[in-house]
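Okay, protein_29.cif is below, mmCIF, C-alpha atoms:
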data_structure
#
loop_
_atom_site.label_atom_id
_atom_site.label_comp_id
_atom_site.auth_asym_id
_atom_site.auth_seq_id
_atom_site.Cartn_x
_atom_site.Cartn_y
_atom_site.Cartn_z
CA MET G 1 -46.14 -47.32 14.83
CA ARG G 2 -42.41 -46.69 15.20
CA LYS G 3 -40.05 -49.47 14.23
CA ILE G 4 -37.68 -50.85 16.81
CA PRO G 5 -34.18 -50.49 15.31
CA GLU G 6 -31.72 -53.34 15.30
CA PRO G 7 -28.41 -52.89 17.18
CA HIS G 8 -26.47 -52.38 13.93
CA GLN G 9 -28.87 -49.60 12.93
CA ILE G 10 -28.31 -47.83 16.24
CA GLU G 11 -24.57 -48.21 15.69
CA ALA G 12 -24.89 -46.52 12.29
CA LYS G 13 -26.94 -43.71 13.81
CA ASP G 14 -24.29 -43.17 16.49
CA PHE G 15 -21.56 -43.11 13.81
CA LEU G 16 -23.49 -40.40 11.96
CA ILE G 17 -23.81 -38.40 15.17
CA LYS G 18 -20.11 -38.76 15.97
CA ASN G 19 -19.12 -37.48 12.51
CA ASP G 20 -21.80 -34.77 12.35
CA GLY G 21 -23.49 -36.34 9.34
CA ARG G 22 -20.49 -36.21 7.02
CA VAL G 23 -20.47 -39.96 6.54
CA LEU G 24 -20.52 -42.59 3.83
CA VAL G 25 -22.88 -45.34 4.97
CA ALA G 26 -21.68 -48.21 2.77
CA ASP G 27 -23.42 -51.18 4.36
CA PRO G 28 -24.45 -53.79 1.78
CA PRO G 29 -27.90 -53.52 0.16
CA GLY G 30 -30.71 -54.62 2.44
CA VAL G 31 -29.13 -53.84 5.81
CA GLY G 32 -31.56 -51.02 6.65
CA LYS G 33 -29.66 -47.80 5.96
CA THR G 34 -32.82 -45.69 5.60
CA LEU G 35 -33.99 -46.25 9.16
CA SER G 36 -30.52 -45.53 10.58
CA THR G 37 -30.46 -42.21 8.71
CA VAL G 38 -33.97 -41.23 9.83
CA LEU G 39 -32.92 -41.92 13.44
CA TYR G 40 -29.95 -39.62 12.91
CA LEU G 41 -32.19 -36.84 11.55
CA GLU G 42 -34.42 -37.24 14.59
CA HIS G 43 -31.42 -36.82 16.87
CA LEU G 44 -30.12 -33.85 14.88
CA ASP G 45 -33.54 -32.17 15.12
CA GLN G 46 -32.59 -29.39 12.71
CA TRP G 47 -34.90 -28.72 9.77
CA PRO G 48 -35.46 -28.71 6.85
CA CYS G 49 -33.44 -31.62 5.42
CA LEU G 50 -33.20 -32.95 1.88
CA VAL G 51 -33.16 -36.50 0.51
CA VAL G 52 -32.17 -37.20 -3.09
CA CYS G 53 -32.84 -40.77 -4.20
CA PRO G 54 -33.89 -42.97 -7.15
CA PRO G 55 -37.59 -42.79 -8.14
CA ALA G 56 -38.25 -46.33 -6.95
CA VAL G 57 -37.67 -45.42 -3.29
CA LEU G 58 -39.33 -41.99 -3.04
CA GLY G 59 -42.38 -43.46 -1.32
CA HIS G 60 -40.24 -45.66 0.93
CA TRP G 61 -38.40 -42.62 2.31
CA LYS G 62 -41.63 -40.73 3.03
CA LYS G 63 -43.22 -43.76 4.70
CA GLU G 64 -40.16 -44.53 6.83
CA PHE G 65 -39.74 -40.90 7.90
CA GLU G 66 -43.37 -40.32 8.86
CA GLN G 67 -43.60 -43.67 10.62
CA GLN G 68 -40.67 -42.82 12.88
CA LEU G 69 -41.42 -39.11 13.24
CA PRO G 70 -45.22 -38.77 13.09
CA ASP G 71 -45.10 -35.13 14.18
CA ARG G 72 -42.87 -34.15 11.25
CA ARG G 73 -43.92 -33.49 7.67
CA ALA G 74 -42.34 -34.91 4.53
CA VAL G 75 -43.09 -34.07 0.90
CA ILE G 76 -42.16 -35.79 -2.36
CA ILE G 77 -41.34 -33.35 -5.15
CA ARG G 78 -42.37 -34.66 -8.56
CA GLY G 79 -41.77 -33.05 -11.94
CA GLU G 80 -39.40 -30.32 -13.08
CA THR G 81 -41.65 -27.31 -12.47
CA LEU G 82 -40.26 -25.11 -9.71
CA CYS G 83 -42.20 -25.72 -6.54
CA GLU G 84 -44.00 -23.26 -4.31
CA GLY G 85 -45.85 -23.84 -1.08
CA ASP G 86 -43.64 -26.64 0.24
CA LEU G 87 -41.63 -24.42 2.56
CA LEU G 88 -43.11 -25.83 5.76
CA HIS G 89 -42.07 -29.41 5.22
CA ASP G 90 -39.32 -30.80 7.41
CA LEU G 91 -38.08 -33.31 4.85
CA VAL G 92 -38.03 -32.73 1.10
CA ILE G 93 -37.62 -35.84 -1.06
CA LEU G 94 -36.92 -35.87 -4.80
CA ASN G 95 -35.19 -37.98 -7.40
CA TYR G 96 -31.89 -37.38 -9.17
CA ASP G 97 -33.49 -36.79 -12.57
CA ILE G 98 -35.12 -33.50 -11.52
CA LEU G 99 -32.38 -32.27 -9.18
CA ASP G 100 -30.91 -29.82 -11.68
CA ALA G 101 -34.31 -28.36 -12.61
CA GLN G 102 -35.16 -27.88 -8.93
CA LYS G 103 -31.75 -26.48 -7.98
CA PRO G 104 -32.76 -22.75 -8.00
CA TRP G 105 -35.63 -23.43 -5.60
CA LEU G 106 -33.56 -25.75 -3.41
CA LEU G 107 -30.75 -23.20 -3.08
CA GLU G 108 -33.17 -20.76 -1.47
CA HIS G 109 -33.42 -23.03 1.56
CA GLN G 110 -30.84 -23.62 4.20
CA TYR G 111 -30.92 -27.39 4.44
CA LYS G 112 -29.30 -28.67 7.60
CA CYS G 113 -28.46 -32.04 6.05
CA ILE G 114 -28.52 -33.49 2.54
CA ILE G 115 -28.75 -37.24 2.10
CA PHE G 116 -27.78 -38.73 -1.24
CA ASP G 117 -29.32 -42.20 -1.28
CA GLU G 118 -27.73 -44.64 -3.74
CA CYS G 119 -24.99 -42.04 -4.06
CA ASP G 120 -23.25 -44.07 -6.76
CA LYS G 121 -25.65 -42.16 -9.05
CA LEU G 122 -23.19 -39.27 -8.63
CA ALA G 123 -20.28 -41.14 -10.23
CA ASN G 124 -20.27 -39.08 -13.43
CA LYS G 125 -19.52 -35.45 -12.67
CA SER G 126 -20.53 -34.40 -16.20
CA THR G 127 -24.21 -35.19 -15.58
CA LYS G 128 -26.47 -32.29 -14.69
CA TRP G 129 -27.67 -33.93 -11.48
CA THR G 130 -24.11 -34.50 -10.22
CA GLN G 131 -23.21 -30.89 -10.99
CA ALA G 132 -26.35 -29.72 -9.17
CA ALA G 133 -25.55 -32.01 -6.23
CA MET G 134 -22.05 -30.56 -5.91
CA VAL G 135 -23.43 -27.02 -5.82
CA LEU G 136 -26.02 -27.90 -3.18
CA ALA G 137 -23.43 -29.76 -1.09
CA LYS G 138 -21.26 -26.64 -0.88
CA HIS G 139 -24.14 -24.78 0.77
CA CYS G 140 -24.96 -27.44 3.37
CA PRO G 141 -23.16 -28.16 6.67
CA ARG G 142 -23.85 -31.92 6.54
CA VAL G 143 -23.74 -34.26 3.55
CA THR G 144 -24.41 -37.99 3.92
CA GLY G 145 -23.96 -40.61 1.22
CA LEU G 146 -25.79 -43.93 1.33
CA SER G 147 -24.94 -46.85 -0.92
CA GLY G 148 -24.02 -50.47 -0.47
CA THR G 149 -22.15 -50.15 -3.77
CA PRO G 150 -20.76 -46.59 -3.83
CA ILE G 151 -18.08 -47.28 -6.46
CA ALA G 152 -19.68 -47.47 -9.87
CA ASN G 153 -16.73 -48.98 -11.70
CA ARG G 154 -13.33 -47.48 -10.83
CA PRO G 155 -11.78 -45.04 -8.34
CA ALA G 156 -12.40 -42.03 -10.62
CA ASP G 157 -16.14 -42.61 -10.20
CA PHE G 158 -15.74 -42.39 -6.42
CA TYR G 159 -14.32 -38.86 -6.37
CA PRO G 160 -17.52 -36.74 -6.67
CA ILE G 161 -19.25 -38.19 -3.60
CA LEU G 162 -16.03 -38.21 -1.54
CA ASN G 163 -15.58 -34.55 -2.42
CA MET G 164 -19.14 -33.72 -1.35
CA ILE G 165 -18.93 -35.59 1.96
CA ARG G 166 -15.40 -34.55 2.94
CA PRO G 167 -14.12 -31.66 0.80
CA ASP G 168 -11.45 -31.07 3.43
CA LEU G 169 -9.89 -34.47 2.65
CA PHE G 170 -10.78 -34.80 -1.04
CA GLY G 171 -10.79 -31.26 -2.35
CA ASP G 172 -8.12 -31.55 -5.03
CA GLU G 173 -9.51 -33.56 -7.95
CA ARG G 174 -6.28 -33.49 -9.91
CA GLU G 175 -4.31 -34.91 -6.98
CA PHE G 176 -6.91 -37.67 -6.53
CA MET G 177 -6.89 -38.68 -10.20
CA TRP G 178 -3.13 -38.81 -10.49
CA ARG G 179 -2.68 -40.66 -7.23
CA TYR G 180 -5.41 -43.30 -7.40
CA CYS G 181 -6.55 -43.62 -11.02
CA GLN G 182 -3.34 -44.76 -12.75
CA PRO G 183 -3.27 -42.17 -15.56
CA GLN G 184 -2.37 -43.35 -19.03
CA PHE G 185 -1.76 -41.22 -22.09
CA HIS G 186 -3.84 -42.02 -25.16
CA GLU G 187 -2.74 -40.56 -28.47
CA ARG G 188 -6.33 -39.73 -29.49
CA TYR G 189 -7.85 -38.65 -26.16
CA GLY G 190 -4.95 -37.40 -24.04
CA TRP G 191 -4.65 -38.43 -20.39
CA GLN G 192 -7.12 -41.09 -19.31
CA PHE G 193 -7.90 -41.92 -15.66
CA LYS G 194 -9.55 -45.31 -16.00
CA GLY G 195 -7.18 -47.40 -13.90
CA ALA G 196 -6.71 -48.03 -10.19
CA THR G 197 -3.67 -47.84 -7.95
CA LYS G 198 -2.74 -47.28 -4.26
CA LEU G 199 -6.09 -48.80 -3.28
CA GLN G 200 -5.00 -49.76 0.22
CA GLU G 201 -4.01 -46.15 0.87
CA LEU G 202 -7.36 -44.92 -0.44
CA HIS G 203 -9.14 -47.40 1.81
CA GLU G 204 -7.28 -46.06 4.86
CA ARG G 205 -8.20 -42.47 3.94
CA ILE G 206 -11.93 -43.15 3.78
CA LYS G 207 -12.15 -45.48 6.80
CA PRO G 208 -12.56 -42.70 9.41
CA PHE G 209 -15.83 -41.46 7.86
CA MET G 210 -17.19 -44.68 6.33
CA ILE G 211 -19.27 -47.29 8.10
CA ARG G 212 -19.48 -50.65 6.35
CA ARG G 213 -20.44 -53.90 8.02
CA PRO G 214 -20.73 -57.35 6.42
CA LYS G 215 -24.22 -58.54 5.63
CA SER G 216 -23.61 -61.43 8.02
CA ILE G 217 -24.64 -59.09 10.86
CA LEU G 218 -28.25 -59.70 9.78
CA LYS G 219 -27.94 -63.49 10.11
CA LEU G 220 -29.99 -63.86 6.94
CA PRO G 221 -30.91 -67.16 5.32
CA LYS G 222 -28.36 -68.38 2.79
CA GLN G 223 -28.25 -66.82 -0.67
CA THR G 224 -26.73 -68.75 -3.59
CA ILE G 225 -25.61 -67.27 -6.91
CA ARG G 226 -25.22 -69.44 -9.99
CA MET G 227 -25.33 -69.44 -13.79
CA GLU G 228 -27.75 -71.27 -16.06
CA PHE G 229 -27.74 -71.37 -19.85
CA VAL G 230 -30.67 -71.03 -22.23
CA ASP G 231 -30.91 -71.97 -25.89
CA MET G 232 -29.94 -69.41 -28.49
CA GLU G 233 -31.59 -68.94 -31.88
CA ASN G 234 -29.91 -67.49 -35.00
CA ARG G 235 -26.43 -68.32 -33.76
CA GLU G 236 -25.07 -67.93 -37.28
CA THR G 237 -26.09 -64.27 -37.32
CA TYR G 238 -24.57 -63.80 -33.90
CA ASN G 239 -21.30 -65.45 -34.95
CA VAL G 240 -20.87 -63.02 -37.87
CA LEU G 241 -21.15 -59.97 -35.62
CA HIS G 242 -19.01 -61.60 -32.90
CA LYS G 243 -16.25 -62.26 -35.43
CA GLN G 244 -16.34 -58.61 -36.47
CA TYR G 245 -16.07 -57.47 -32.84
CA VAL G 246 -13.11 -59.77 -32.22
CA GLY G 247 -11.49 -58.16 -35.27
CA THR G 248 -11.77 -54.69 -33.71
CA ILE G 249 -9.81 -55.98 -30.71
CA ARG G 250 -7.07 -57.73 -32.67
CA THR G 251 -6.65 -55.14 -35.47
CA PRO G 252 -8.24 -51.92 -34.15
CA SER G 253 -6.56 -49.59 -36.64
CA ALA G 254 -8.02 -51.43 -39.63
CA PHE G 255 -11.54 -51.10 -38.30
CA ARG G 256 -11.08 -47.44 -37.30
CA LYS G 257 -10.21 -46.67 -40.91
CA LYS G 258 -13.53 -48.22 -41.93
CA GLY G 259 -15.37 -46.05 -39.40
CA ILE G 260 -16.40 -49.04 -37.29
CA ASP G 261 -16.67 -48.20 -33.58
CA LYS G 262 -15.73 -50.94 -31.14
CA LEU G 263 -18.13 -49.88 -28.37
CA THR G 264 -21.05 -49.59 -30.77
CA LEU G 265 -20.31 -53.08 -32.03
CA LEU G 266 -20.21 -54.40 -28.47
CA SER G 267 -23.55 -52.78 -27.67
CA ASN G 268 -25.08 -54.25 -30.81
CA LEU G 269 -23.63 -57.64 -29.92
CA MET G 270 -25.26 -57.55 -26.48
CA MET G 271 -28.63 -56.55 -27.95
CA LEU G 272 -28.40 -59.29 -30.57
CA CYS G 273 -27.64 -61.77 -27.80
CA ALA G 274 -30.85 -60.71 -26.04
CA ARG G 275 -32.92 -61.12 -29.19
CA CYS G 276 -31.44 -64.54 -29.88
CA LYS G 277 -32.21 -65.83 -26.39
CA ALA G 278 -35.63 -64.19 -25.93
CA ARG G 279 -37.57 -67.37 -26.70
CA GLY G 280 -35.32 -69.48 -24.46
CA THR G 281 -35.75 -66.99 -21.62
CA VAL G 282 -39.54 -66.96 -21.93
CA MET G 283 -39.64 -70.76 -21.91
CA TRP G 284 -37.42 -70.85 -18.81
CA ILE G 285 -39.74 -68.44 -16.96
CA ARG G 286 -42.87 -70.35 -17.96
CA LYS G 287 -41.33 -73.60 -16.77
CA PHE G 288 -40.33 -72.09 -13.43
CA LEU G 289 -43.81 -70.68 -12.76
CA ALA G 290 -45.44 -74.00 -13.74
CA GLU G 291 -43.11 -76.14 -11.63
CA ASN G 292 -43.17 -73.86 -8.59
CA PRO G 293 -46.83 -73.08 -7.84
CA GLY G 294 -47.22 -70.39 -5.24
CA GLU G 295 -43.68 -69.11 -5.74
CA LYS G 296 -42.84 -65.69 -7.19
CA LEU G 297 -40.06 -64.76 -9.59
CA ILE G 298 -38.08 -61.57 -10.25
CA VAL G 299 -36.61 -61.03 -13.72
CA PHE G 300 -34.13 -58.21 -14.38
CA ALA G 301 -33.34 -57.03 -17.90
CA ILE G 302 -32.16 -53.93 -19.78
CA ASN G 303 -33.57 -53.55 -23.29
CA LYS G 304 -37.17 -52.39 -23.60
CA GLN G 305 -37.91 -54.78 -26.45
CA PHE G 306 -36.61 -57.72 -24.42
CA ILE G 307 -38.72 -56.68 -21.42
CA ASP G 308 -41.80 -56.33 -23.64
CA VAL G 309 -41.34 -59.86 -25.01
CA ILE G 310 -41.17 -61.28 -21.48
CA ARG G 311 -44.19 -59.22 -20.40
CA ARG G 312 -46.32 -60.41 -23.34
CA ARG G 313 -45.32 -64.08 -23.45
CA ALA G 314 -44.11 -65.28 -20.04
CA ALA G 315 -47.28 -64.86 -17.96
CA GLU G 316 -50.84 -63.55 -18.01
CA PRO G 317 -51.15 -59.75 -17.52
CA HIS G 318 -52.79 -60.09 -14.09
CA GLU G 319 -49.94 -62.37 -12.95
CA SER G 320 -47.10 -59.92 -13.60
CA MET G 321 -45.97 -56.39 -12.89
CA VAL G 322 -43.42 -54.26 -14.75
CA ILE G 323 -41.12 -51.48 -13.57
CA ASP G 324 -39.22 -49.65 -16.29
CA GLY G 325 -38.31 -46.09 -17.22
CA SER G 326 -41.88 -45.28 -18.27
CA THR G 327 -43.47 -46.40 -14.99
CA PRO G 328 -44.58 -43.37 -12.90
CA ALA G 329 -43.18 -43.22 -9.37
CA LYS G 330 -46.57 -43.78 -7.72
CA LYS G 331 -47.22 -46.76 -9.97
CA ARG G 332 -43.84 -48.23 -9.03
CA ASP G 333 -44.79 -48.15 -5.35
CA ALA G 334 -48.12 -49.81 -6.16
CA ASN G 335 -46.43 -52.48 -8.27
CA VAL G 336 -43.95 -53.33 -5.53
CA GLU G 337 -46.78 -53.50 -2.98
CA ALA G 338 -48.79 -55.80 -5.24
CA PHE G 339 -45.83 -58.12 -5.75
CA GLN G 340 -45.12 -58.22 -2.03
CA THR G 341 -48.70 -58.83 -0.89
CA ASP G 342 -50.87 -60.21 -3.72
CA PRO G 343 -50.41 -63.97 -4.26
CA LYS G 344 -51.77 -63.64 -7.81
CA VAL G 345 -48.90 -61.36 -8.87
CA ARG G 346 -46.13 -63.91 -9.34
CA LEU G 347 -43.77 -62.29 -11.84
CA ALA G 348 -41.84 -59.01 -11.47
CA ILE G 349 -40.19 -57.81 -14.69
CA ILE G 350 -37.83 -54.96 -13.89
CA ASN G 351 -35.50 -52.75 -15.85
CA ILE G 352 -32.14 -52.76 -14.07
CA LYS G 353 -31.71 -48.97 -14.13
CA ALA G 354 -35.30 -48.22 -13.11
CA GLY G 355 -35.68 -50.71 -10.26
CA GLY G 356 -32.37 -52.42 -9.64
CA ALA G 357 -31.68 -50.63 -6.36
CA GLY G 358 -33.49 -49.60 -3.19
CA ILE G 359 -36.72 -51.59 -3.44
CA THR G 360 -37.65 -54.62 -1.33
CA LEU G 361 -38.88 -57.74 -3.11
CA THR G 362 -38.57 -60.37 -0.40
CA ALA G 363 -41.84 -62.06 -1.40
CA ALA G 364 -39.72 -63.93 -3.93
CA LYS G 365 -36.85 -66.26 -3.23
CA THR G 366 -35.60 -66.49 -6.83
CA THR G 367 -34.09 -63.68 -8.90
CA VAL G 368 -33.19 -64.08 -12.55
CA VAL G 369 -30.74 -61.72 -14.24
CA ALA G 370 -31.73 -62.15 -17.89
CA GLN G 371 -29.41 -59.44 -19.22
CA LEU G 372 -26.07 -58.60 -17.65
CA PRO G 373 -25.44 -55.13 -16.23
CA TRP G 374 -22.01 -53.61 -16.82
CA THR G 375 -20.72 -53.21 -13.28
CA PRO G 376 -20.22 -55.32 -10.13
CA ARG G 377 -22.15 -52.59 -8.31
CA ASP G 378 -25.30 -53.39 -10.30
CA CYS G 379 -24.85 -57.13 -9.76
CA GLU G 380 -24.65 -56.67 -6.00
CA GLN G 381 -27.68 -54.40 -6.02
CA LEU G 382 -29.75 -56.95 -7.91
CA SER G 383 -28.91 -59.70 -5.44
CA GLY G 384 -29.90 -57.32 -2.64
CA ARG G 385 -33.56 -57.10 -3.69
CA THR G 386 -34.31 -60.40 -1.94
CA ASP G 387 -31.27 -60.71 0.34
CA ARG G 388 -32.25 -58.07 2.88
CA ILE G 389 -33.39 -57.39 6.40
CA THR G 390 -36.95 -58.78 6.04
CA GLN G 391 -36.00 -62.00 4.19
CA THR G 392 -36.92 -65.21 6.03
CA ARG G 393 -36.13 -67.86 3.39
CA GLU G 394 -33.08 -69.12 1.56
CA ASN G 395 -32.92 -67.44 -1.83
CA GLU G 396 -30.93 -67.56 -5.03
CA VAL G 397 -29.82 -65.37 -7.93
CA ILE G 398 -29.59 -67.04 -11.34
CA TYR G 399 -27.66 -65.44 -14.18
CA LEU G 400 -29.45 -66.66 -17.30
CA LEU G 401 -26.80 -66.64 -20.03
CA THR G 402 -26.11 -67.99 -23.51
CA LYS G 403 -23.16 -70.34 -23.69
CA ASP G 404 -20.03 -69.49 -25.72
CA THR G 405 -21.09 -65.87 -26.27
CA ILE G 406 -20.09 -62.39 -25.15
CA GLU G 407 -22.40 -62.80 -22.13
CA GLU G 408 -20.39 -65.64 -20.65
CA LYS G 409 -17.15 -63.69 -21.12
CA LEU G 410 -18.61 -60.49 -19.66
CA CYS G 411 -19.93 -62.33 -16.60
CA LYS G 412 -16.44 -63.55 -15.77
CA ALA G 413 -14.93 -60.10 -16.36
CA ILE G 414 -17.47 -58.43 -14.03
CA GLU G 415 -16.63 -60.99 -11.35
CA GLU G 416 -12.98 -60.00 -11.56
CA LYS G 417 -13.80 -56.29 -11.66
CA GLY G 418 -15.66 -56.62 -8.37
CA ARG G 419 -12.32 -57.01 -6.66
CA ILE G 420 -11.62 -53.29 -7.22
CA GLN G 421 -14.59 -52.35 -5.05
CA ALA G 422 -13.54 -54.86 -2.40
CA ALA G 423 -10.06 -53.38 -2.31
CA ILE G 424 -11.23 -49.80 -1.74
CA LEU G 425 -14.16 -50.44 0.59
CA ASP G 426 -12.97 -53.51 2.48
CA GLY G 427 -9.20 -53.10 2.30
CA LYS G 428 -8.61 -56.30 0.37
CA LYS G 429 -5.57 -56.63 -1.87
CA VAL G 430 -6.16 -56.53 -5.60
CA THR G 431 -4.29 -56.10 -8.85
CA ASN G 432 -5.23 -53.31 -11.24
CA LEU G 433 -8.16 -54.44 -13.35
CA ASN G 434 -9.95 -52.76 -16.24
CA LEU G 435 -13.28 -54.29 -17.27
CA MET G 436 -12.85 -53.77 -21.00
CA THR G 437 -9.28 -55.10 -20.88
CA LEU G 438 -10.43 -58.19 -19.01
CA LEU G 439 -13.23 -58.72 -21.49
CA GLU G 440 -11.03 -58.23 -24.53
CA ASN G 441 -8.26 -60.44 -23.17
CA SER G 442 -10.82 -63.17 -22.50
CA ILE G 443 -12.29 -62.92 -26.00
CA SER G 444 -8.84 -62.95 -27.62
CA GLU G 445 -7.76 -66.15 -25.89
#

Is it possible to give me this structure as structure tokens?
Amino acid sequence: MRKIPEPHQIEAKDFLIKNDGRVLVADPPGVGKTLSTVLYLEHLDQWPCLVVCPPAVLGHWKKEFEQQLPDRRAVIIRGETLCEGDLLHDLVILNYDILDAQKPWLLEHQYKCIIFDECDKLANKSTKWTQAAMVLAKHCPRVTGLSGTPIANRPADFYPILNMIRPDLFGDEREFMWRYCQPQFHERYGWQFKGATKLQELHERIKPFMIRRPKSILKLPKQTIRMEFVDMENRETYNVLHKQYVGTIRTPSAFRKKGIDKLTLLSNLMMLCARCKARGTVMWIRKFLAENPGEKLIVFAINKQFIDVIRRRAAEPHESMVIDGSTPAKKRDANVEAFQTDPKVRLAIINIKAGGAGITLTAAKTTVVAQLPWTPRDCEQLSGRTDRITQTRENEVIYLLTKDTIEEKLCKAIEEKGRIQAAILDGKKVTNLNLMTLLENSISE
């Protein structure tokens, strides 16, 4: 049975029609961008079309498309082997990971529209899938980008998708980098484009082809976001490594001579933090499940070892489901369905990269971020798993941190960094902010 679209979804469809599909749909996560886009494809009525999306939402796209257009055929392409026999499908759906491998086959078809869902995946133009996407976009008359968080970290990350959607406005990469990315010369690496400037001007340039409404249009129940702290073991070990990292900030040349890399140290520090708080995190989860019978819980993390500890110790196997990089796409769909519908499945343990965007987990009203992602984009995506169009209850996101550690500092730095995205997408004023600079300044205080 066809869904009845909400007024804001019809508005998005009409905006796509007005701009002939060359649009950035930047509504916040959970507003219902998929349905709006399917309605646009129905109006366009030119086939075949292509959807590129994260693995977690492959099945969602097929289901939404066939529900609205029962007379049309959609296929999900899985694996890197070149496909044959799928020529008659109206909609081809595949994930970013196999886009480059499938490029020769895809180029043989004259797609009338390409939709890049969660288009922030195209932030790094050096990845094979971004390079493949740029080639495919040049051969297609309509390119649509969907993402509630299209800016991964800084304006430079925004260029590839802007170039694909509107090459007429953003064709000159050099001009874009020098105008909006505050170039700085580094004696070891040459010119670096990691800053941000003229953000109000950039906002005005993208406004004509971007649709972005506040989540308040959904009139959702209230969502609260807060921090809680868990106990940390082996703090002495942590303090030794933390002191070394602080040294790389204050006297970088001395540590470079010793061959000590600052970013490697930071990564090791974050992983050590996770190991030191693993027991505290498991105890927190157990307590929540015991004190809230009938309620479900979502836990987001990054490191495989940390996820495995939670999976083994926080709940019985039949009470939990896991989505990580090793979970096959079909299994991901089944896991999400089980969490949404089976009252026995109370705990969702999800790797941030594998399942932090696109999926709906409104059966829970509590989300725990047990390991911090690196960007405001990821933070907003995580909060959007429960705060979306089908949510009927007040819900909360809890950042589970260790006090007086790198996690607490990074959380504050990410909060500040989020103002960059707000400046570009929403036209809000902001000063130039660099995440690493914010973090290092905070640590050095």

Answer key for the PyMOL selection byres ((chain G and resi 125-140) around 7), residues as a VMD selection string: chain G and resid 96 to 97 99 to 100 103 107 111 to 113 122 to 124 141 to 143 160 164

Point-to-point distance in Å for atom CA of Leu50 of chain G and atom CA of Ile93 of chain G: 6.0 Å

Protein, DNA and RNA residues within 8 Å of (-5.2, -47.5, -11.7), all atoms listed in the file, as a list of chain:residue names: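 Using all atoms listed in the file, the matching residues come out as G:Pro155, G:Tyr180, G:Cys181, G:Gln182, G:Pro183, G:Phe193, G:Lys194, G:Gly195, G:Ala196, G:Thr197, G:Lys198, G:Asn432, G:Leu433.
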
Shortest interatomic distance to Ala290 of chain G - which of G:Lys330, G:Lys33, G:Arg346, G:Lys304, counting only C-alpha atoms: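 Between G:Lys330, G:Lys33, G:Arg346, G:Lys304, the residue approaching Ala290 of chain G most closely is G:Arg346.
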
Selection result of the PyMOL selection byres ((chain G and resi 392) around 12) on this file, as a ChimeraX atom specification: /G:218-223,361-365,386-391,393-395

Spatial neighbours of Leu24 of chain G, max dist 7 Å, all atoms listed in the file, sep filter under 3 positions, as a count of residues only: 6

Which residue of G:Gln102, G:Thr405, G:Asn335, G:Ser36 approaches Tyr245 of chain G most closely, using only C-alpha atoms: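 Nearest candidate to Tyr245 of chain G out of G:Gln102, G:Thr405, G:Asn335, G:Ser36: G:Thr405.
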
Nearest residue to Pro54 of chain G from the set G:Pro208, G:Gly358, G:Pro373, G:Gly427 (distances using only C-alpha atoms):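 So, comparing all the options, the nearest one is G:Gly358.
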
Shortest interatomic distance to Arg275 of chain G - which of G:Leu16, G:Val336, G:Thr402, G:Met227, counting all atoms listed in the file: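 Selected residue with least distance to Arg275 of chain G: G:Thr402.
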
Picked residues, the PyMOL selection byres ((chain G and resi 310-323) around 8), expected as an NGL selection string: :G and (278 or 281-283 or 285-286 or 306-309 or 324-327 or 332 or 335 or 339 or 344-351 or 354-355)

Atom pair atom CA of Ile217 of chain G / atom CA of Gly384 of chain G: separation (Å):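 Taking atom CA of Ile217 of chain G and atom CA of Gly384 of chain G, their separation equals 14.6 Å.
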
Residue nearest Gln421 of chain G - candidates G:Asp378, G:Glu11, G:Asp90, G:Glu396, atoms counted: all atoms listed in the file: G:Asp378
